[in-house]
Amino acid sequence: MANENLEAYTLSVVVIGAFNPSIVHPFWLANKKLIREQEAESANIEVVHTEISKFSIDWATFEITRDRFVVKTSQEPYFEPVRDLILEIFKLLKETPIRSFGTNHSKYYDLRDADRHYKFGNKLAPLSNWSDYLEDPRLQTLEIIETKRKDGKKGLFRIKIQPPDIKLSAIYGILINVNDHLDINERDFVKTFSENWKPSFDRASEITELIWEKANN
Amino acid sequence: MGVNTYVEKILQTGQFTTDGKDVLEKNKINLFALNEKIIRRLKEIGMDNTFSSHQEIKKFLDDGIEQDYDFQTPKFSIGFIDKRKYFSKIQKWVGHIIDFNDEVITAKLNDINNPTTYEIAEFDVDEVPPEDREFISNGAGFYWSLGQVNDNGQIEKKSLIRFQRTKPWEESDINEIIDSADELYHKLNNWE
């Protein structure tokens with residue numbers, strides 16, 4: 001079971017559209033009661049500019065440019081608050097044209113020992129294919145894109161397997177990234193994002209579970 | 001014109017003094033350098049896809065200008081997420097208040113990952129962060145999580161309560177729900 005070996009789970013949401021970066025600011029969020037005032041006061045503001053706004057509060061990081069709106073969190077208890085926050089922001093900025101969004105699930109697993117770590121890569125991309133050209137080849141990164149979504153919606157799933165990009169307590173860790181990308185009609189964001197939330201988590205879980213089964217059996 | 005060329009030109013023409021007295025010119029260069037970094041950052045993330053990883057923001061090349069002159073241009077952080085703090089072995093519930101008084105909240109809890117059954121639980125009002133207490137009312141929603149947090153290598157158990165900060169439903173939301181219910185009703189009526 002993949003879940004038993006899940007070490008950490010982080011999330012980011014990327015929205016593509018036309019934004020005004022300087023509007024979204026910690027004190028604007030607090031003023032709208034979307035975050036606590038104390039969170040706004042202790043926010044780390046890197047830049048607020050007409051072209052880019054970048055800041056972080058204790059549980060999320062924001063980066064907004066004219067065409068890209070990104071919120072990330074490394075803290076699983078805040079996944080639902082991140083969803084609520086994004087929904088409420090775009091309910092307030094309801095005239096914002098949005099053409100696509102992606103929910104990025106980053107799951108970090110502990111493979112426990114060197115042997116299992118090697119076998120995981122070898123199973124997904126047989127390394128014997130490379131042994132004629134390379135001495136002791138190892139899998140570093142694997143990226144697969146779905147050309148047509150199973151659920152019939154416009155968009156794609158992209159899966160990337162790579163070494164962890166955060167410092168885990170596990171020595172033999174891997175990261176499975178699942179990008180759930182949906183193209184939408186400009187005014188449908190709030191409804192589509194809300195409806196797609198749970199199915200996105202279900203599909204990410206199904207995909208990672210299947211990868212785990214295939215790579216470990 | 002790159003920022004280095006700009007600085008060179010100023011130095012050649014003598015319009016800028018390196019002793020730090022010409023504040024106006026320094027601000028001009030600061031702004032120029034900041035804008036250049038922003039343009040570079042925008043080019044770097046100007047991808048028309050929604051894939052995102054934590055390594056997305058690469059280190060900005062240092063122009064060398066900060067070492068040569070006594071001012072700093074802002075830099076974006078290399079990381080985009082707190083990589084030292086993450087949760088594991090999490091159990092999450094969404095709760096709705098069914099009763100409360102000055103000391104205790106009684107709530108119906110649904111497991112977010114397995115919402116088939118529910119439990120009734122009591123929480124001390126003291127457990128609710130002060131800024132969230134204004135949201136305590138019958139029917140109010142909150143998230144409750146239990147898990148381990150790894151903060152810079154230090155592992156500790158944590159319980160988190162956070163109230164939902166969502167706006168009350170508007171007439172359009174209610175109309176949308178009525179429309180969906182009507183649609184479902186018609187589908188069921190046509191079911192053979």
# chains A, B, ... in the order shown; residues from 1 in each chain; ligands from 1
$ closest_atom_pairs --of "range 33-74 of chain A" --to "range 96-114 of chain A" --cutoff "12 Å" --atoms "only C-alpha atoms" --output "JSON lines"
{"residue": "A:Arg66", "atom": "CA", "partner": "A:Thr96", "partner_atom": "CA", "distance": 11.1}
{"residue": "A:Asp67", "atom": "CA", "partner": "A:Ile98", "partner_atom": "CA", "distance": 9.0}
{"residue": "A:Arg68", "atom": "CA", "partner": "A:Phe101", "partner_atom": "CA", "distance": 9.4}
{"residue": "A:Phe69", "atom": "CA", "partner": "A:Phe101", "partner_atom": "CA", "distance": 9.1}
{"residue": "A:Val70", "atom": "CA", "partner": "A:Gly102", "partner_atom": "CA", "distance": 9.5}
{"residue": "A:Val71", "atom": "CA", "partner": "A:Thr103", "partner_atom": "CA", "distance": 10.0}
{"residue": "A:Lys72", "atom": "CA", "partner": "A:Asn104", "partner_atom": "CA", "distance": 9.1}
{"residue": "A:Thr73", "atom": "CA", "partner": "A:Ser106", "partner_atom": "CA", "distance": 10.3}
{"residue": "A:Ser74", "atom": "CA", "partner": "A:Ser106", "partner_atom": "CA", "distance": 9.1}
$ interface_residues --of "chain B" --to "chain A" --cutoff "6 Å" --atoms "only C-alpha atoms" --output "ChimeraX atom specification"
/B:50-51,83,86-88,145,165
$ select_by_dssp --residues "range 10-208 of chain A" --states "alpha helix (DSSP H)" --output "PDB file with C-alpha atoms, in the first residue's frame"
ATOM      1  CA  PRO A  26      -1.839  39.714   2.772  1.00  0.00           C
ATOM      2  CA  PHE A  27      -3.724  42.719   4.182  1.00  0.00           C
ATOM      3  CA  TRP A  28      -6.281  42.559   1.391  1.00  0.00           C
ATOM      4  CA  LEU A  29      -6.854  38.884   2.297  1.00  0.00           C
ATOM      5  CA  ALA A  30      -7.173  39.775   6.003  1.00  0.00           C
ATOM      6  CA  ASN A  31      -9.458  42.707   5.215  1.00  0.00           C
ATOM      7  CA  GLU A  37      -5.121  39.420  10.788  1.00  0.00           C
ATOM      8  CA  GLN A  38      -2.204  37.995  12.713  1.00  0.00           C
ATOM      9  CA  GLU A  39      -1.292  35.892   9.667  1.00  0.00           C
ATOM     10  CA  ALA A  40      -1.235  39.029   7.506  1.00  0.00           C
ATOM     11  CA  GLU A  41       0.881  40.891  10.061  1.00  0.00           C
ATOM     12  CA  PHE A  79      -5.248  21.717   1.779  1.00  0.00           C
ATOM     13  CA  GLU A  80      -8.942  22.478   2.371  1.00  0.00           C
ATOM     14  CA  PRO A  81      -8.254  26.023   3.660  1.00  0.00           C
ATOM     15  CA  VAL A  82      -6.195  26.598   0.473  1.00  0.00           C
ATOM     16  CA  ARG A  83      -9.166  25.451  -1.621  1.00  0.00           C
ATOM     17  CA  ASP A  84     -11.545  27.739   0.319  1.00  0.00           C
ATOM     18  CA  LEU A  85      -9.138  30.646   0.015  1.00  0.00           C
ATOM     19  CA  ILE A  86      -8.788  30.282  -3.767  1.00  0.00           C
ATOM     20  CA  LEU A  87     -12.549  29.927  -4.196  1.00  0.00           C
ATOM     21  CA  GLU A  88     -13.260  32.994  -2.066  1.00  0.00           C
ATOM     22  CA  ILE A  89     -10.606  35.081  -3.862  1.00  0.00           C
ATOM     23  CA  PHE A  90     -12.164  34.340  -7.233  1.00  0.00           C
ATOM     24  CA  LYS A  91     -15.695  34.820  -5.926  1.00  0.00           C
ATOM     25  CA  LEU A  92     -14.555  38.327  -4.988  1.00  0.00           C
ATOM     26  CA  ALA A 114      18.624   0.888  -1.360  1.00  0.00           C
ATOM     27  CA  ASP A 115      17.411  -2.330  -2.971  1.00  0.00           C
ATOM     28  CA  ARG A 116      13.767  -1.238  -3.125  1.00  0.00           C
ATOM     29  CA  HIS A 117      14.852   2.205  -4.305  1.00  0.00           C
ATOM     30  CA  TYR A 118      16.780   0.658  -7.233  1.00  0.00           C
ATOM     31  CA  LYS A 119      13.984  -1.787  -8.076  1.00  0.00           C
ATOM     32  CA  PHE A 120      11.389   1.004  -8.166  1.00  0.00           C
ATOM     33  CA  GLY A 121      13.222   2.769 -10.998  1.00  0.00           C
ATOM     34  CA  ASN A 122      14.181  -0.450 -12.721  1.00  0.00           C
ATOM     35  CA  LYS A 123      10.583  -1.605 -12.869  1.00  0.00           C
ATOM     36  CA  LEU A 124       9.243   1.646 -14.309  1.00  0.00           C
ATOM     37  CA  PHE A 189     -13.635  28.642 -12.667  1.00  0.00           C
ATOM     38  CA  VAL A 190     -15.311  28.684  -9.241  1.00  0.00           C
ATOM     39  CA  LYS A 191     -17.788  25.962 -10.140  1.00  0.00           C
ATOM     40  CA  THR A 192     -15.290  23.750 -12.008  1.00  0.00           C
ATOM     41  CA  PHE A 193     -12.544  24.125  -9.416  1.00  0.00           C
ATOM     42  CA  SER A 194     -14.951  23.284  -6.610  1.00  0.00           C
ATOM     43  CA  GLU A 195     -16.415  20.269  -8.418  1.00  0.00           C
ATOM     44  CA  ASN A 196     -13.027  18.960  -9.493  1.00  0.00           C
ATOM     45  CA  TRP A 197     -11.434  19.151  -6.037  1.00  0.00           C
ATOM     46  CA  LYS A 198     -12.373  15.721  -4.679  1.00  0.00           C
ATOM     47  CA  PRO A 199     -12.126  13.853  -8.022  1.00  0.00           C
ATOM     48  CA  SER A 200      -8.627  15.334  -8.408  1.00  0.00           C
ATOM     49  CA  PHE A 201      -7.538  13.908  -5.044  1.00  0.00           C
ATOM     50  CA  ASP A 202      -9.210  10.567  -5.827  1.00  0.00           C
ATOM     51  CA  ARG A 203      -7.486  10.290  -9.202  1.00  0.00           C
ATOM     52  CA  ALA A 204      -4.100  11.333  -7.777  1.00  0.00           C
ATOM     53  CA  SER A 205      -4.500   8.683  -5.110  1.00  0.00           C
ATOM     54  CA  GLU A 206      -5.545   6.040  -7.657  1.00  0.00           C
ATOM     55  CA  ILE A 207      -2.573   6.876  -9.921  1.00  0.00           C
ATOM     56  CA  THR A 208       0.024   6.828  -7.156  1.00  0.00           C
TER      57      THR A 208
END
$ closest_residue --among "A:Ile176, A:Ala170, A:Leu139, A:Ile184" --to "Lys154 in chain A" --atoms "only C-alpha atoms"
A:Ile184
$ atom_distance --atom1 "CA of Thr106 in chain B" --atom2 "CA of Ala121 in chain B"
5.8 Å
